[in-house]
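Input: a single structure, listed below in structure tokens.
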Amino acid sequence: MRVQPRNLESFLKNPGDGIRCVLIYGSDQTLVSERSKALTTSLGIPPGDPFRTDEFSSDQIMSDKALLADAAAAQSLDQGSRLVRITDATDRITPVIAEFLEFLPGAAMVILEAKELVRSRSSLVKLLEGNDAGASVACYDDSDRDREAVFSQMFRDAGVQVDNDALDWLAATLDANRGISRREIEKLCLFAGQGERLTLDMVLQAAAEAGGAAMDSLVFSACSGDVAQLEKWLERAAMEDLSPVAMVRSLIGHFFKLLELHASTSTGLGVDAAMKAMRPPIFFKNVEPMKRQHRLWPEKSIKDQLTALAGLESELKSTGSPDRLLCERHFYQIAILARRRGQAR
């Protein structure tokens, strides 16, 4: 069974009596861990309970083919539910899991945690999705809508009220990886304080003070054609280990803003009025550069860049690609193109 996103919350609370093996996999390892813990809790097993949990690596499972069946058949001391977790599952353990699903020894739940697997090609994913006693849960980077929901809940839990425009800015700006974005939200909760209200100005101030403006500076220097500044910010991005995928997504978001600006001005609205109407609003330091970029980048060029960036994002996610090198090269290409356009005017 493949667990659909709309059914995920209820599945993690109650996977059903017939489910004995769940594969949780994807590029967002923080989310993989969170969902594994949620499923463990639903079984009534405290995370890490040594008396009711056995944890193995794929190497251990492959070196002793009876290990999984023996662990699944073992009884807990208090007769409660038991769990067997394999923390680095790959396709090479598929035969062992297939044998387990055929005979279903004991009563323990088996959770397989894996990194990104290609669903259409993974033998392990196909096995779990095609078996009545198995299930698969995919964990990929959150969409803007997902992040808004997660962030809203985090702010509520911390007792912090957050303005909608601040929430919009955070969802559009923070890294799509849940672990990274959660740490940033936790910092903002401390910055605001329990019982206080977080505004967009406060978020922008905190981002600037924490060095979070690096991403904006990268994007604006590239789209403005400032190659020297871009080189500086790319070096800083490498030192801070900024995600190349997040960098590309910031570029995509920025070009969409420029496209939105063109759409507004094409109706006869002045560029200043159009920028004031944008949500989330443009940071005041970026207003003039944004107006200049509106002149440098015609609609067709923006659409061409969006197509190229979508392809680049897919390439960056492929295993073994030199992601930072590909990302930096594209940033330079955009900056050089913008500089030539500026010189031609």
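Every chain in the structure tokens takes a letter, A first, then B, and so on in the order presented; its residues are numbered from 1, and the ligands are numbered from 1 following the presented order.
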List every residue of region 118-170 of chain A that has an atom at most 10 Å from any atom of region 89-110 of chain A, giving for each one its closest atom pair and the distance in Å to one decimal, counting only C-alpha atoms, sorted by chain and then by ascending residue number, as JSON lines.
```
{"residue": "A:Arg121", "atom": "CA", "partner": "A:Asp91", "partner_atom": "CA", "distance": 9.7}
{"residue": "A:Ser122", "atom": "CA", "partner": "A:Asp91", "partner_atom": "CA", "distance": 6.4}
{"residue": "A:Ser123", "atom": "CA", "partner": "A:Asp91", "partner_atom": "CA", "distance": 5.8}
{"residue": "A:Leu124", "atom": "CA", "partner": "A:Asp91", "partner_atom": "CA", "distance": 5.2}
{"residue": "A:Val125", "atom": "CA", "partner": "A:Asp91", "partner_atom": "CA", "distance": 8.3}
{"residue": "A:Lys126", "atom": "CA", "partner": "A:Thr94", "partner_atom": "CA", "distance": 9.6}
{"residue": "A:Leu127", "atom": "CA", "partner": "A:Ala98", "partner_atom": "CA", "distance": 7.1}
{"residue": "A:Leu128", "atom": "CA", "partner": "A:Ala98", "partner_atom": "CA", "distance": 8.7}
{"residue": "A:Asn131", "atom": "CA", "partner": "A:Leu101", "partner_atom": "CA", "distance": 7.7}
{"residue": "A:Asp132", "atom": "CA", "partner": "A:Leu101", "partner_atom": "CA", "distance": 8.9}
{"residue": "A:Ala133", "atom": "CA", "partner": "A:Leu101", "partner_atom": "CA", "distance": 6.7}
{"residue": "A:Gly134", "atom": "CA", "partner": "A:Leu101", "partner_atom": "CA", "distance": 7.6}
```
Would you put the residues from that selection into a file with N, CA and C atoms, as a PDB file, in the first residue's frame?
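Written file, out_14.pdb:
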```pdb
ATOM      1  N   ARG A 121      11.643   2.658  -9.793  1.00  0.00           N
ATOM      2  CA  ARG A 121      12.698   1.665 -10.009  1.00  0.00           C
ATOM      3  C   ARG A 121      13.065   0.872  -8.755  1.00  0.00           C
ATOM      4  N   SER A 122      12.663   1.324  -7.595  1.00  0.00           N
ATOM      5  CA  SER A 122      13.082   0.675  -6.350  1.00  0.00           C
ATOM      6  C   SER A 122      12.307  -0.614  -6.116  1.00  0.00           C
ATOM      7  N   SER A 123      13.045  -1.715  -5.977  1.00  0.00           N
ATOM      8  CA  SER A 123      12.399  -3.005  -5.699  1.00  0.00           C
ATOM      9  C   SER A 123      11.767  -3.018  -4.312  1.00  0.00           C
ATOM     10  N   LEU A 124      12.376  -2.274  -3.375  1.00  0.00           N
ATOM     11  CA  LEU A 124      11.848  -2.237  -2.010  1.00  0.00           C
ATOM     12  C   LEU A 124      10.519  -1.484  -1.969  1.00  0.00           C
ATOM     13  N   VAL A 125      10.457  -0.342  -2.647  1.00  0.00           N
ATOM     14  CA  VAL A 125       9.204   0.423  -2.696  1.00  0.00           C
ATOM     15  C   VAL A 125       8.107  -0.410  -3.357  1.00  0.00           C
ATOM     16  N   LYS A 126       8.429  -1.042  -4.482  1.00  0.00           N
ATOM     17  CA  LYS A 126       7.436  -1.854  -5.194  1.00  0.00           C
ATOM     18  C   LYS A 126       6.927  -2.999  -4.327  1.00  0.00           C
ATOM     19  N   LEU A 127       7.830  -3.632  -3.577  1.00  0.00           N
ATOM     20  CA  LEU A 127       7.440  -4.741  -2.701  1.00  0.00           C
ATOM     21  C   LEU A 127       6.451  -4.280  -1.641  1.00  0.00           C
ATOM     22  N   LEU A 128       6.772  -3.180  -0.951  1.00  0.00           N
ATOM     23  CA  LEU A 128       5.918  -2.702   0.134  1.00  0.00           C
ATOM     24  C   LEU A 128       4.571  -2.199  -0.377  1.00  0.00           C
ATOM     25  N   ASN A 131       2.149  -5.231  -1.358  1.00  0.00           N
ATOM     26  CA  ASN A 131       1.862  -6.278  -0.378  1.00  0.00           C
ATOM     27  C   ASN A 131       0.813  -5.787   0.625  1.00  0.00           C
ATOM     28  N   ASP A 132      -0.157  -6.632   0.935  1.00  0.00           N
ATOM     29  CA  ASP A 132      -1.242  -6.237   1.856  1.00  0.00           C
ATOM     30  C   ASP A 132      -0.737  -5.945   3.261  1.00  0.00           C
ATOM     31  N   ALA A 133       0.404  -6.536   3.625  1.00  0.00           N
ATOM     32  CA  ALA A 133       0.948  -6.325   4.978  1.00  0.00           C
ATOM     33  C   ALA A 133       1.997  -5.219   5.002  1.00  0.00           C
ATOM     34  N   GLY A 134       2.222  -4.571   3.857  1.00  0.00           N
ATOM     35  CA  GLY A 134       3.246  -3.538   3.773  1.00  0.00           C
ATOM     36  C   GLY A 134       2.683  -2.189   3.403  1.00  0.00           C
TER      37      GLY A 134
END
```
From a DSSP pass on the backbone, collect the residues of region 98-187 of chain A flagged as helix (DSSP H, G or I) and hand them back as a PDB file with C-alpha atoms, in the first residue's frame.
```pdb
ATOM      1  CA  ALA A  98       9.996 -10.298   0.921  1.00  0.00           C
ATOM      2  CA  GLU A  99      10.574 -13.466   2.968  1.00  0.00           C
ATOM      3  CA  PHE A 100       9.390 -11.682   6.125  1.00  0.00           C
ATOM      4  CA  LEU A 101       6.189 -10.525   4.399  1.00  0.00           C
ATOM      5  CA  GLU A 102       5.562 -14.032   3.076  1.00  0.00           C
ATOM      6  CA  PHE A 103       5.681 -15.774   6.476  1.00  0.00           C
ATOM      7  CA  SER A 123      12.399  -3.005  -5.699  1.00  0.00           C
ATOM      8  CA  LEU A 124      11.848  -2.237  -2.010  1.00  0.00           C
ATOM      9  CA  VAL A 125       9.204   0.423  -2.696  1.00  0.00           C
ATOM     10  CA  LYS A 126       7.436  -1.854  -5.194  1.00  0.00           C
ATOM     11  CA  LEU A 127       7.440  -4.741  -2.701  1.00  0.00           C
ATOM     12  CA  LEU A 128       5.918  -2.702   0.134  1.00  0.00           C
ATOM     13  CA  GLU A 129       3.324  -1.006  -2.073  1.00  0.00           C
ATOM     14  CA  ASP A 144       5.077  26.380   0.604  1.00  0.00           C
ATOM     15  CA  ARG A 145       1.616  25.332   1.806  1.00  0.00           C
ATOM     16  CA  ASP A 146       3.038  22.502   3.918  1.00  0.00           C
ATOM     17  CA  ARG A 147       5.608  24.846   5.451  1.00  0.00           C
ATOM     18  CA  GLU A 148       2.967  27.435   6.348  1.00  0.00           C
ATOM     19  CA  ALA A 149       0.991  24.780   8.223  1.00  0.00           C
ATOM     20  CA  VAL A 150       4.098  23.475  10.023  1.00  0.00           C
ATOM     21  CA  PHE A 151       5.320  26.983  10.895  1.00  0.00           C
ATOM     22  CA  SER A 152       1.888  28.071  12.137  1.00  0.00           C
ATOM     23  CA  GLN A 153       1.746  25.077  14.468  1.00  0.00           C
ATOM     24  CA  MET A 154       5.261  25.758  15.775  1.00  0.00           C
ATOM     25  CA  PHE A 155       4.420  29.385  16.524  1.00  0.00           C
ATOM     26  CA  ARG A 156       1.195  28.334  18.276  1.00  0.00           C
ATOM     27  CA  ASP A 157       3.058  25.756  20.364  1.00  0.00           C
ATOM     28  CA  ASN A 164       0.132  36.521   7.783  1.00  0.00           C
ATOM     29  CA  ASP A 165       2.610  38.488   5.660  1.00  0.00           C
ATOM     30  CA  ALA A 166       5.459  37.322   7.915  1.00  0.00           C
ATOM     31  CA  LEU A 167       4.266  33.732   7.541  1.00  0.00           C
ATOM     32  CA  ASP A 168       4.051  34.138   3.748  1.00  0.00           C
ATOM     33  CA  TRP A 169       7.611  35.481   3.625  1.00  0.00           C
ATOM     34  CA  LEU A 170       8.949  32.626   5.738  1.00  0.00           C
ATOM     35  CA  ALA A 171       7.197  29.957   3.648  1.00  0.00           C
ATOM     36  CA  ALA A 172       8.572  31.427   0.440  1.00  0.00           C
ATOM     37  CA  THR A 173      12.100  32.069   1.750  1.00  0.00           C
ATOM     38  CA  ARG A 178      12.057  20.632   7.370  1.00  0.00           C
ATOM     39  CA  GLY A 179      15.010  20.212   9.732  1.00  0.00           C
ATOM     40  CA  ILE A 180      16.698  23.416   8.553  1.00  0.00           C
ATOM     41  CA  SER A 181      13.503  25.480   8.485  1.00  0.00           C
ATOM     42  CA  ARG A 182      12.425  24.246  11.933  1.00  0.00           C
ATOM     43  CA  ARG A 183      15.674  25.515  13.463  1.00  0.00           C
ATOM     44  CA  GLU A 184      15.047  28.960  11.939  1.00  0.00           C
ATOM     45  CA  ILE A 185      11.475  29.066  13.298  1.00  0.00           C
ATOM     46  CA  GLU A 186      12.725  28.053  16.751  1.00  0.00           C
ATOM     47  CA  LYS A 187      15.172  30.991  16.646  1.00  0.00           C
TER      48      LYS A 187
END
```
Item checked: Close residues, region 51-53 of chain A itself excluded, 8 Å, only C-alpha atoms, min 2 positions apart in chain, as a VMD selection string -> chain A and resid 45 48 to 49 55 76 to 77 80 to 85
Note to self: Ranking A:Asn286, A:Leu39, A:Ala135, A:Gly193 by minimum distance to Gln4 (chain A) and counting only C-alpha atoms, which one comes first?
What the structure shows: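 Selected residue with least distance to Gln4 (chain A): A:Ala135.
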Item checked: Interatomic distance, CA of Asp88 (chain A) to CA of Met247 (chain A) (Å, one decimal) ->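 Result for CA of Asp88 (chain A) versus CA of Met247 (chain A): 28.2 Å, one decimal.
Note that CA of Pro5 (chain A) and CA of Tyr25 (chain A) are 13.6 Å apart.
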Note to self: If we count only C-alpha atoms and set the cut-off at 6 Å, which residues sit around region 330-345 of chain A, ignoring sequence neighbours fewer than 5 positions away in its own chain? Please answer as JSON, numbers by chain.
What the structure shows: {"A": [222, 223, 224, 225, 227]}
Could the residues in this selection be saved with C-alpha atoms as a CSV table (one decimal), in the first residue's frame?
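That gives us result38.csv:
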```
chain,number,residue,atom,x,y,z
A,222,ALA,CA,23.0,37.8,-9.8
A,223,CYS,CA,19.9,39.3,-11.3
A,224,SER,CA,21.4,42.8,-11.2
A,225,GLY,CA,24.6,41.7,-13.0
A,227,VAL,CA,29.5,39.7,-10.7
```
Next item on the list: Name the residues of region 114-338 of chain A that come out as strand (DSSP E or B) in a backbone DSSP run; write them as JSON, numbers by chain.
Entry: {"A": [114, 134, 135, 136, 137, 138, 161, 162, 197, 198]}
Resulting file, chosen residues, N, CA and C atoms, as a PDB file, in the first residue's frame:
```pdb
ATOM      1  N   ALA A 114      14.755   4.851   5.106  1.00  0.00           N
ATOM      2  CA  ALA A 114      15.646   4.878   3.949  1.00  0.00           C
ATOM      3  C   ALA A 114      15.825   6.290   3.436  1.00  0.00           C
ATOM      4  N   GLY A 134       2.222  -4.571   3.857  1.00  0.00           N
ATOM      5  CA  GLY A 134       3.246  -3.538   3.773  1.00  0.00           C
ATOM      6  C   GLY A 134       2.683  -2.189   3.403  1.00  0.00           C
ATOM      7  N   ALA A 135       3.472  -1.148   3.643  1.00  0.00           N
ATOM      8  CA  ALA A 135       3.069   0.223   3.289  1.00  0.00           C
ATOM      9  C   ALA A 135       4.321   1.051   3.060  1.00  0.00           C
ATOM     10  N   SER A 136       4.212   2.063   2.208  1.00  0.00           N
ATOM     11  CA  SER A 136       5.330   2.979   1.981  1.00  0.00           C
ATOM     12  C   SER A 136       4.879   4.409   2.226  1.00  0.00           C
ATOM     13  N   VAL A 137       5.774   5.191   2.831  1.00  0.00           N
ATOM     14  CA  VAL A 137       5.522   6.605   3.125  1.00  0.00           C
ATOM     15  C   VAL A 137       6.681   7.405   2.550  1.00  0.00           C
ATOM     16  N   ALA A 138       6.396   8.281   1.604  1.00  0.00           N
ATOM     17  CA  ALA A 138       7.428   9.110   0.979  1.00  0.00           C
ATOM     18  C   ALA A 138       7.577  10.426   1.733  1.00  0.00           C
ATOM     19  N   GLN A 161       2.248  34.832  18.399  1.00  0.00           N
ATOM     20  CA  GLN A 161       1.351  35.203  17.300  1.00  0.00           C
ATOM     21  C   GLN A 161       2.197  35.692  16.132  1.00  0.00           C
ATOM     22  N   VAL A 162       1.824  35.288  14.909  1.00  0.00           N
ATOM     23  CA  VAL A 162       2.608  35.681  13.737  1.00  0.00           C
ATOM     24  C   VAL A 162       1.680  36.277  12.683  1.00  0.00           C
ATOM     25  N   ARG A 197       3.922  39.145  19.595  1.00  0.00           N
ATOM     26  CA  ARG A 197       3.486  39.091  18.197  1.00  0.00           C
ATOM     27  C   ARG A 197       4.689  39.295  17.280  1.00  0.00           C
ATOM     28  N   LEU A 198       4.793  38.460  16.253  1.00  0.00           N
ATOM     29  CA  LEU A 198       5.902  38.525  15.311  1.00  0.00           C
ATOM     30  C   LEU A 198       5.421  39.159  14.008  1.00  0.00           C
TER      31      LEU A 198
END
```
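Taking CA of Gly26 (chain A) and CA of Lys115 (chain A) as the two end points, the separation is 5.1 Å.
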Item checked: Among listed residues A:Leu117, A:Val245, A:Ala192, A:Met1, nearest Gly130 (chain A) (using only C-alpha atoms) ->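 Smallest distance to Gly130 (chain A) is found for A:Met1.
In this comparison, which uses only C-alpha atoms, the residue of A:Asp54, A:Glu34, A:Glu315, A:Asp201 approaching Ile282 (chain A) most closely is A:Asp201.
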Note to self: Residues within 10 Å of Thr265 (chain A), please, as a list of chain:residue names. Count only C-alpha atoms; anything in the same chain fewer than 5 positions from it doesn't count.
What the structure shows: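 Once the adjacent positions are removed, what remains is A:Glu260, A:Gly270, A:Val271, A:Asp272, A:Ala273, A:Ala274, A:Met275, A:His294.
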Checklist line | Within 10 Å of Phe256 (chain A) using only C-alpha atoms, minus same-chain residues under 6 positions, as a PyMOL selection string | finding: chain A and resi 250+262+302-303+306
